[in-house]
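work_22.csv (CSV, N, CA and C atoms) appears below.
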```csv
chain,number,residue,atom,x,y,z
G,1,MET,N,-16.4,-4.4,-24.7
G,1,MET,CA,-17.6,-5.0,-24.3
G,1,MET,C,-17.8,-4.9,-22.8
G,2,LEU,N,-19.0,-4.5,-22.4
G,2,LEU,CA,-19.3,-4.3,-21.0
G,2,LEU,C,-19.8,-5.6,-20.4
G,3,THR,N,-19.4,-5.9,-19.1
G,3,THR,CA,-20.0,-7.0,-18.4
G,3,THR,C,-21.3,-6.5,-17.8
G,4,ASN,N,-22.2,-7.4,-17.5
G,4,ASN,CA,-23.5,-7.0,-16.9
G,4,ASN,C,-23.6,-7.2,-15.4
G,5,GLY,N,-24.2,-6.3,-14.7
G,5,GLY,CA,-24.5,-6.5,-13.3
G,5,GLY,C,-23.3,-6.2,-12.4
G,6,THR,N,-23.7,-6.0,-11.1
G,6,THR,CA,-22.6,-5.8,-10.1
G,6,THR,C,-22.2,-7.2,-9.5
G,7,ARG,N,-21.1,-7.2,-8.9
G,7,ARG,CA,-20.6,-8.5,-8.3
G,7,ARG,C,-20.1,-8.2,-6.9
G,8,PRO,N,-20.6,-9.0,-5.9
G,8,PRO,CA,-20.0,-8.8,-4.6
G,8,PRO,C,-18.6,-9.4,-4.5
G,9,GLY,N,-17.9,-8.9,-3.6
G,9,GLY,CA,-16.5,-9.4,-3.4
G,9,GLY,C,-15.9,-8.7,-2.2
G,10,PHE,N,-14.5,-8.6,-2.3
G,10,PHE,CA,-13.7,-8.0,-1.2
G,10,PHE,C,-12.6,-7.2,-1.8
G,11,TRP,N,-12.4,-6.0,-1.3
G,11,TRP,CA,-11.3,-5.2,-1.7
G,11,TRP,C,-10.2,-5.3,-0.7
G,12,CYS,N,-9.0,-5.8,-1.1
G,12,CYS,CA,-7.9,-6.1,-0.3
G,12,CYS,C,-6.8,-5.1,-0.5
G,13,GLU,N,-6.1,-4.6,0.5
G,13,GLU,CA,-5.0,-3.7,0.4
G,13,GLU,C,-3.9,-4.1,1.3
G,14,CYS,N,-2.7,-3.8,1.0
G,14,CYS,CA,-1.5,-3.9,1.8
G,14,CYS,C,-0.9,-2.5,2.0
G,15,TRP,N,-0.7,-2.1,3.2
G,15,TRP,CA,-0.1,-0.8,3.5
G,15,TRP,C,1.1,-1.0,4.4
G,16,THR,N,2.1,-0.1,4.3
G,16,THR,CA,3.2,-0.1,5.2
G,16,THR,C,3.3,1.3,5.8
G,17,GLN,N,3.9,1.4,7.0
G,17,GLN,CA,4.1,2.6,7.7
G,17,GLN,C,5.4,2.6,8.5
G,18,ASP,N,6.2,3.6,8.4
G,18,ASP,CA,7.4,3.7,9.2
G,18,ASP,C,7.0,4.3,10.6
G,19,LEU,N,7.1,3.5,11.6
G,19,LEU,CA,6.6,3.9,12.9
G,19,LEU,C,7.4,5.0,13.6
G,20,THR,N,8.6,5.2,13.1
G,20,THR,CA,9.5,6.3,13.7
G,20,THR,C,9.2,7.7,13.1
G,21,GLU,N,8.5,7.7,12.0
G,21,GLU,CA,8.2,9.0,11.4
G,21,GLU,C,6.7,9.4,11.7
G,22,ARG,N,6.5,10.3,12.7
G,22,ARG,CA,5.2,10.7,13.1
G,22,ARG,C,4.3,11.3,12.0
G,23,ASP,N,4.9,12.0,11.1
G,23,ASP,CA,4.1,12.7,10.0
G,23,ASP,C,4.0,11.9,8.8
G,24,GLU,N,4.6,10.7,8.8
G,24,GLU,CA,4.5,9.9,7.5
G,24,GLU,C,3.2,9.1,7.5
G,25,ARG,N,2.5,9.3,6.4
G,25,ARG,CA,1.2,8.5,6.3
G,25,ARG,C,1.5,7.1,5.8
G,26,PRO,N,0.7,6.2,6.0
G,26,PRO,CA,0.9,4.8,5.5
G,26,PRO,C,1.0,4.9,3.9
G,27,ALA,N,1.7,4.0,3.4
G,27,ALA,CA,1.9,3.9,1.9
G,27,ALA,C,1.2,2.6,1.4
G,28,LEU,N,0.4,2.8,0.4
G,28,LEU,CA,-0.3,1.6,-0.3
G,28,LEU,C,0.8,0.9,-1.1
G,29,ARG,N,0.9,-0.4,-0.8
G,29,ARG,CA,1.9,-1.2,-1.5
G,29,ARG,C,1.3,-2.2,-2.5
G,30,ALA,N,0.0,-2.6,-2.3
G,30,ALA,CA,-0.6,-3.5,-3.2
G,30,ALA,C,-2.1,-3.5,-2.9
G,31,SER,N,-2.9,-3.9,-3.9
G,31,SER,CA,-4.3,-4.1,-3.8
G,31,SER,C,-4.8,-5.2,-4.6
G,32,PHE,N,-5.9,-5.8,-4.3
G,32,PHE,CA,-6.4,-7.0,-4.9
G,32,PHE,C,-7.9,-7.1,-4.8
G,33,ASP,N,-8.5,-7.5,-5.9
G,33,ASP,CA,-10.0,-7.7,-5.8
G,33,ASP,C,-10.3,-9.2,-5.7
G,34,ALA,N,-10.9,-9.6,-4.6
G,34,ALA,CA,-11.2,-11.0,-4.4
G,34,ALA,C,-12.7,-11.1,-4.5
G,35,TYR,N,-13.1,-12.3,-5.0
G,35,TYR,CA,-14.5,-12.6,-5.2
G,35,TYR,C,-15.1,-13.6,-4.2
G,36,SER,N,-14.3,-14.0,-3.2
G,36,SER,CA,-14.8,-14.9,-2.2
G,36,SER,C,-14.0,-14.7,-0.9
G,37,PRO,N,-14.5,-15.1,0.3
G,37,PRO,CA,-13.7,-15.0,1.5
G,37,PRO,C,-12.4,-15.9,1.4
G,38,PRO,N,-12.5,-17.1,0.8
G,38,PRO,CA,-11.2,-17.8,0.7
G,38,PRO,C,-10.2,-17.2,-0.2
G,39,GLN,N,-10.6,-16.6,-1.2
G,39,GLN,CA,-9.7,-15.9,-2.1
G,39,GLN,C,-9.1,-14.7,-1.4
G,40,ALA,N,-9.8,-14.0,-0.6
G,40,ALA,CA,-9.3,-12.8,0.1
G,40,ALA,C,-8.3,-13.2,1.1
G,41,ASP,N,-8.7,-14.1,2.0
G,41,ASP,CA,-7.7,-14.5,3.1
G,41,ASP,C,-6.5,-15.2,2.5
G,42,ARG,N,-6.7,-15.9,1.4
G,42,ARG,CA,-5.5,-16.6,0.7
G,42,ARG,C,-4.5,-15.5,0.2
G,43,TRP,N,-5.0,-14.4,-0.2
G,43,TRP,CA,-4.1,-13.3,-0.7
G,43,TRP,C,-3.2,-12.9,0.4
G,44,VAL,N,-3.7,-12.7,1.6
G,44,VAL,CA,-2.9,-12.3,2.8
G,44,VAL,C,-2.0,-13.5,3.2
G,45,ALA,N,-2.5,-14.7,3.2
G,45,ALA,CA,-1.7,-15.8,3.6
G,45,ALA,C,-0.5,-16.0,2.7
G,46,VAL,N,-0.7,-15.9,1.4
G,46,VAL,CA,0.4,-16.1,0.5
G,46,VAL,C,1.5,-15.0,0.8
G,47,ALA,N,1.0,-13.8,1.0
G,47,ALA,CA,2.0,-12.7,1.3
G,47,ALA,C,2.7,-12.9,2.5
G,48,LEU,N,2.0,-13.4,3.6
G,48,LEU,CA,2.7,-13.6,4.9
G,48,LEU,C,3.7,-14.8,4.8
G,49,ARG,N,3.3,-15.8,4.1
G,49,ARG,CA,4.2,-17.0,3.9
G,49,ARG,C,5.4,-16.6,3.1
G,50,THR,N,5.2,-15.7,2.1
G,50,THR,CA,6.3,-15.3,1.3
G,50,THR,C,7.3,-14.4,2.0
G,51,ILE,N,6.9,-13.5,2.9
G,51,ILE,CA,7.8,-12.6,3.6
G,51,ILE,C,8.3,-13.1,4.9
G,52,SER,N,7.6,-14.1,5.5
G,52,SER,CA,8.0,-14.5,6.9
G,52,SER,C,9.4,-14.9,7.0
G,53,PRO,N,10.1,-15.5,6.1
G,53,PRO,CA,11.5,-15.8,6.3
G,53,PRO,C,12.4,-14.5,6.5
G,54,ALA,N,12.0,-13.4,5.9
G,54,ALA,CA,12.7,-12.2,6.0
G,54,ALA,C,12.4,-11.3,7.2
G,55,LEU,N,11.3,-11.7,7.9
G,55,LEU,CA,10.9,-10.9,9.1
G,55,LEU,C,11.7,-11.2,10.3
G,56,ASP,N,11.8,-10.2,11.2
G,56,ASP,CA,12.5,-10.5,12.5
G,56,ASP,C,11.7,-11.5,13.2
G,57,PRO,N,12.2,-12.2,14.3
G,57,PRO,CA,11.6,-13.3,14.9
G,57,PRO,C,10.2,-12.9,15.5
G,58,GLU,N,10.0,-11.7,16.1
G,58,GLU,CA,8.7,-11.4,16.6
G,58,GLU,C,7.7,-11.2,15.5
G,59,ALA,N,8.0,-10.6,14.4
G,59,ALA,CA,7.1,-10.4,13.3
G,59,ALA,C,6.8,-11.7,12.7
G,60,SER,N,7.8,-12.6,12.6
G,60,SER,CA,7.5,-13.9,12.0
G,60,SER,C,6.5,-14.7,12.9
G,61,ASP,N,6.7,-14.6,14.2
G,61,ASP,CA,5.8,-15.2,15.1
G,61,ASP,C,4.4,-14.7,14.9
G,62,GLU,N,4.2,-13.3,14.8
G,62,GLU,CA,2.9,-12.7,14.6
G,62,GLU,C,2.3,-13.3,13.3
G,63,ALA,N,3.1,-13.4,12.2
G,63,ALA,CA,2.6,-13.9,11.0
G,63,ALA,C,2.1,-15.3,11.1
G,64,TRP,N,2.9,-16.2,11.7
G,64,TRP,CA,2.5,-17.6,11.8
G,64,TRP,C,1.3,-17.8,12.8
G,65,VAL,N,1.2,-17.0,13.8
G,65,VAL,CA,0.0,-17.1,14.7
G,65,VAL,C,-1.2,-16.8,13.9
G,66,TRP,N,-1.2,-15.8,13.0
G,66,TRP,CA,-2.3,-15.5,12.2
G,66,TRP,C,-2.6,-16.6,11.2
G,67,LEU,N,-1.5,-17.1,10.6
G,67,LEU,CA,-1.7,-18.2,9.6
G,67,LEU,C,-2.3,-19.4,10.2
G,68,TYR,N,-2.0,-19.8,11.5
G,68,TYR,CA,-2.5,-21.0,12.1
G,68,TYR,C,-3.7,-20.8,13.0
G,69,GLN,N,-3.9,-19.6,13.5
G,69,GLN,CA,-5.1,-19.3,14.4
G,69,GLN,C,-6.0,-18.2,13.9
G,70,GLY,N,-5.4,-17.1,13.6
G,70,GLY,CA,-6.2,-15.9,13.2
G,70,GLY,C,-6.9,-16.0,11.9
G,71,ARG,N,-6.4,-16.8,11.0
G,71,ARG,CA,-7.0,-16.9,9.7
G,71,ARG,C,-8.4,-17.5,9.8
G,72,ILE,N,-8.6,-18.4,10.7
G,72,ILE,CA,-10.0,-19.0,10.9
G,72,ILE,C,-10.9,-17.9,11.3
G,73,ALA,N,-10.6,-17.0,12.2
G,73,ALA,CA,-11.4,-15.9,12.7
G,73,ALA,C,-11.6,-14.9,11.5
G,74,THR,N,-10.6,-14.7,10.7
G,74,THR,CA,-10.7,-13.8,9.6
G,74,THR,C,-11.7,-14.4,8.6
G,75,ARG,N,-11.6,-15.6,8.2
G,75,ARG,CA,-12.5,-16.3,7.3
G,75,ARG,C,-13.9,-16.2,7.8
G,76,HIS,N,-14.1,-16.5,9.1
G,76,HIS,CA,-15.5,-16.4,9.6
G,76,HIS,C,-16.0,-15.0,9.5
G,77,ALA,N,-15.2,-14.0,9.9
G,77,ALA,CA,-15.7,-12.6,9.7
G,77,ALA,C,-16.0,-12.2,8.3
G,78,LEU,N,-15.2,-12.6,7.4
G,78,LEU,CA,-15.5,-12.4,6.0
G,78,LEU,C,-16.8,-13.0,5.5
G,79,LEU,N,-17.0,-14.2,6.0
G,79,LEU,CA,-18.2,-14.9,5.6
G,79,LEU,C,-19.5,-14.2,6.1
G,80,GLN,N,-19.3,-13.4,7.2
G,80,GLN,CA,-20.3,-12.6,7.8
G,80,GLN,C,-20.4,-11.2,7.2
G,81,GLY,N,-19.5,-11.0,6.2
G,81,GLY,CA,-19.5,-9.7,5.5
G,81,GLY,C,-18.8,-8.6,6.3
G,82,GLU,N,-18.0,-8.9,7.3
G,82,GLU,CA,-17.3,-7.9,8.1
G,82,GLU,C,-15.9,-7.6,7.6
G,83,PRO,N,-15.4,-6.4,7.7
G,83,PRO,CA,-14.1,-6.1,7.3
G,83,PRO,C,-13.1,-6.7,8.3
G,84,CYS,N,-11.8,-6.9,7.8
G,84,CYS,CA,-10.8,-7.5,8.6
G,84,CYS,C,-9.5,-6.8,8.4
G,85,THR,N,-8.6,-6.9,9.4
G,85,THR,CA,-7.3,-6.3,9.3
G,85,THR,C,-6.3,-7.3,9.9
G,86,VAL,N,-5.2,-7.5,9.2
G,86,VAL,CA,-4.1,-8.4,9.7
G,86,VAL,C,-2.8,-7.5,9.6
G,87,ALA,N,-2.1,-7.5,10.7
G,87,ALA,CA,-0.9,-6.6,10.8
G,87,ALA,C,0.2,-7.3,11.5
G,88,VAL,N,1.5,-7.0,11.0
G,88,VAL,CA,2.7,-7.4,11.7
G,88,VAL,C,3.6,-6.2,11.8
G,89,THR,N,4.5,-6.2,12.8
G,89,THR,CA,5.4,-5.1,12.9
G,89,THR,C,6.8,-5.7,12.8
G,90,HIS,N,7.5,-5.3,11.8
G,90,HIS,CA,8.9,-5.7,11.6
G,90,HIS,C,9.8,-4.5,11.8
G,91,GLY,N,10.6,-4.6,12.9
G,91,GLY,CA,11.4,-3.5,13.3
G,91,GLY,C,10.6,-2.2,13.5
G,92,THR,N,10.8,-1.2,12.7
G,92,THR,CA,10.0,0.0,12.8
G,92,THR,C,9.0,0.2,11.7
G,93,THR,N,8.7,-0.9,11.0
G,93,THR,CA,7.7,-0.9,9.9
G,93,THR,C,6.5,-1.7,10.3
G,94,ARG,N,5.4,-1.1,10.2
G,94,ARG,CA,4.1,-1.8,10.4
G,94,ARG,C,3.6,-2.2,9.0
G,95,ILE,N,3.2,-3.4,8.8
G,95,ILE,CA,2.7,-3.9,7.5
G,95,ILE,C,1.2,-4.3,7.9
G,96,THR,N,0.3,-3.7,7.1
G,96,THR,CA,-1.1,-4.0,7.4
G,96,THR,C,-1.9,-4.4,6.2
G,97,TRP,N,-2.6,-5.5,6.3
G,97,TRP,CA,-3.5,-5.9,5.2
G,97,TRP,C,-4.9,-5.7,5.6
G,98,THR,N,-5.7,-5.0,4.8
G,98,THR,CA,-7.1,-4.8,5.1
G,98,THR,C,-7.9,-5.6,4.0
G,99,ILE,N,-9.1,-6.1,4.5
G,99,ILE,CA,-10.0,-6.7,3.6
G,99,ILE,C,-11.4,-6.2,3.9
G,100,ARG,N,-12.0,-5.6,2.9
G,100,ARG,CA,-13.4,-5.0,3.1
G,100,ARG,C,-14.4,-5.5,2.1
G,101,PRO,N,-15.6,-5.8,2.5
G,101,PRO,CA,-16.6,-6.2,1.6
G,101,PRO,C,-16.8,-5.1,0.5
G,102,ALA,N,-17.0,-5.4,-0.7
G,102,ALA,CA,-17.2,-4.5,-1.8
G,102,ALA,C,-18.2,-5.0,-2.8
G,103,ILE,N,-18.7,-4.0,-3.5
G,103,ILE,CA,-19.6,-4.4,-4.7
G,103,ILE,C,-18.8,-3.8,-5.9
G,104,PHE,N,-18.5,-4.7,-6.8
G,104,PHE,CA,-17.7,-4.3,-7.9
G,104,PHE,C,-18.7,-4.0,-9.1
G,105,LEU,N,-18.5,-2.8,-9.7
G,105,LEU,CA,-19.3,-2.4,-10.8
G,105,LEU,C,-18.8,-3.0,-12.1
G,106,PRO,N,-19.7,-3.1,-13.1
G,106,PRO,CA,-19.2,-3.7,-14.3
G,106,PRO,C,-18.3,-2.6,-15.1
G,107,PHE,N,-17.3,-3.1,-15.7
G,107,PHE,CA,-16.4,-2.3,-16.5
G,107,PHE,C,-16.2,-2.9,-17.8
G,108,ALA,N,-15.6,-2.2,-18.7
G,108,ALA,CA,-15.2,-2.8,-20.0
G,108,ALA,C,-14.3,-3.9,-19.8
G,109,HIS,N,-14.5,-5.0,-20.5
G,109,HIS,CA,-13.7,-6.2,-20.4
G,109,HIS,C,-12.3,-5.9,-20.9
G,110,ARG,N,-11.2,-6.2,-20.2
G,110,ARG,CA,-9.9,-5.8,-20.5
G,110,ARG,C,-9.1,-6.7,-21.5
G,111,GLN,N,-9.6,-7.9,-21.7
G,111,GLN,CA,-8.7,-8.8,-22.5
G,111,GLN,C,-8.9,-8.6,-24.0
G,112,GLY,N,-7.8,-8.6,-24.6
G,112,GLY,CA,-7.8,-8.5,-26.1
G,112,GLY,C,-8.1,-7.1,-26.7
G,113,ILE,N,-8.1,-6.1,-25.9
G,113,ILE,CA,-8.4,-4.7,-26.4
G,113,ILE,C,-7.4,-3.8,-25.8
G,114,GLU,N,-7.2,-2.7,-26.5
G,114,GLU,CA,-6.3,-1.6,-26.0
G,114,GLU,C,-7.1,-0.8,-25.0
G,115,LEU,N,-6.5,-0.5,-23.8
G,115,LEU,CA,-7.1,0.3,-22.8
G,115,LEU,C,-7.1,1.8,-23.3
G,116,PRO,N,-8.1,2.6,-22.9
G,116,PRO,CA,-8.0,4.0,-23.2
G,116,PRO,C,-6.9,4.6,-22.5
G,117,ALA,N,-6.4,5.7,-23.0
G,117,ALA,CA,-5.2,6.4,-22.4
G,117,ALA,C,-5.4,6.8,-21.0
G,118,CYS,N,-6.6,7.1,-20.6
G,118,CYS,CA,-6.9,7.5,-19.2
G,118,CYS,C,-6.6,6.4,-18.2
G,119,ALA,N,-6.7,5.2,-18.6
G,119,ALA,CA,-6.5,4.0,-17.7
G,119,ALA,C,-5.1,4.0,-17.2
G,120,HIS,N,-4.1,4.6,-17.9
G,120,HIS,CA,-2.7,4.6,-17.4
G,120,HIS,C,-2.4,5.8,-16.5
G,121,ASP,N,-3.4,6.8,-16.4
G,121,ASP,CA,-3.2,7.9,-15.6
G,121,ASP,C,-3.6,7.7,-14.1
G,122,PHE,N,-4.2,6.6,-13.8
G,122,PHE,CA,-4.6,6.3,-12.4
G,122,PHE,C,-3.4,6.3,-11.4
G,123,LYS,N,-3.5,7.0,-10.4
G,123,LYS,CA,-2.5,7.0,-9.3
G,123,LYS,C,-3.2,6.7,-8.0
G,124,PRO,N,-2.9,5.6,-7.3
G,124,PRO,CA,-3.5,5.3,-6.0
G,124,PRO,C,-3.2,6.4,-5.0
G,125,HIS,N,-4.1,6.7,-4.1
G,125,HIS,CA,-3.9,7.7,-3.1
G,125,HIS,C,-4.2,7.1,-1.7
G,126,ALA,N,-3.6,7.6,-0.7
G,126,ALA,CA,-3.9,7.1,0.7
G,126,ALA,C,-5.3,7.4,1.1
G,127,SER,N,-5.9,6.5,1.8
G,127,SER,CA,-7.3,6.8,2.2
G,127,SER,C,-7.2,7.5,3.6
G,128,ASP,N,-8.3,8.2,3.9
G,128,ASP,CA,-8.3,9.0,5.1
G,128,ASP,C,-8.7,8.1,6.3
```
Let me see whether you can do it: turn the structure in this file into structure tokens.
Amino acid sequence: MLTNGTRPGFWCECWTQDLTERDERPALRASFDAYSPPQADRWVAVALRTISPALDPEASDEAWVWLYQGRIATRHALLQGEPCTVAVTHGTTRITWTIRPAIFLPFAHRQGIELPACAHDFKPHASD
């Protein structure tokens, strides 16, 4: 069954990059489709709160500064339809979350049906 109409929202991604490797491209670690600014910035906030105990002190400080101060600016920008980036550097690894406004197209409803075989062939690729 197809859903009707497009739906505005935000496309969220988490990327990592080893800063010591000049030729290494960032690697996509996770993505999420959010349908409101609060849902989008909450995705980043939950990730930062989850990993902050494992981060080095500087990266943990960066995370908590965003959680307490930067999140307000991020939410405001998202409400204005602007893209946002949140990043922390842990040792030699840069972790970056991006949030971009998006228009989601209708697709076949996934619940209670078998997906076509091609749905399992999708492999995410790095953006340019």
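Residues lying within 7 Å of (12.2, -0.2, 12.3). Counted over only N, CA and C atoms, they are Asp18, Leu19, Thr20, His90, Gly91, Thr92 and Thr93 of chain G.
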Shortest interatomic distance to Ile99 (chain G) - which of G:Ala59, G:Ala30, G:Ala40, G:Ala47, counting only C-alpha atoms: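 The closest residue to Ile99 (chain G) is G:Ala40.
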Contacts of Ile103 (chain G) at 6.5 Å (only N, CA and C atoms; same-chain gap of 3+ positions) as a list in words: Thr6, Arg7, Pro8, Gly9 and Phe10 of chain G
Point-to-point distance in Å for atom N of Gly81 (chain G) and atom N of Trp43 (chain G):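 Those two atoms sit 16.2 Å apart.
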Interatomic distance, CA of Glu13 (chain G) to CA of Asp33 (chain G) (Å, one decimal):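 So the two atoms, CA of Glu13 (chain G) and CA of Asp33 (chain G), lie 8.9 Å apart.
The residue that comes closest to Trp15 (chain G), out of G:Trp97, G:Phe104, G:Tyr68, G:Tyr35 and on the basis of all atoms listed in the file, is G:Trp97.
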Proximity to Arg100 (chain G) - best of G:Leu78, G:Leu67, G:Ile72, G:Val44, only C-alpha atoms: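 Checking each candidate against Arg100 (chain G), we get G:Leu78 as the closest.
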Pairwise distance for atom C of Glu82 (chain G) and atom C of Pro101 (chain G), rounded to one decimal in Å: 7.6 Å
Residue with smallest distance to Trp66 (chain G) - pool G:Thr96, G:Ser36, G:Ala54, G:Val86, counting only N, CA and C atoms: G:Val86
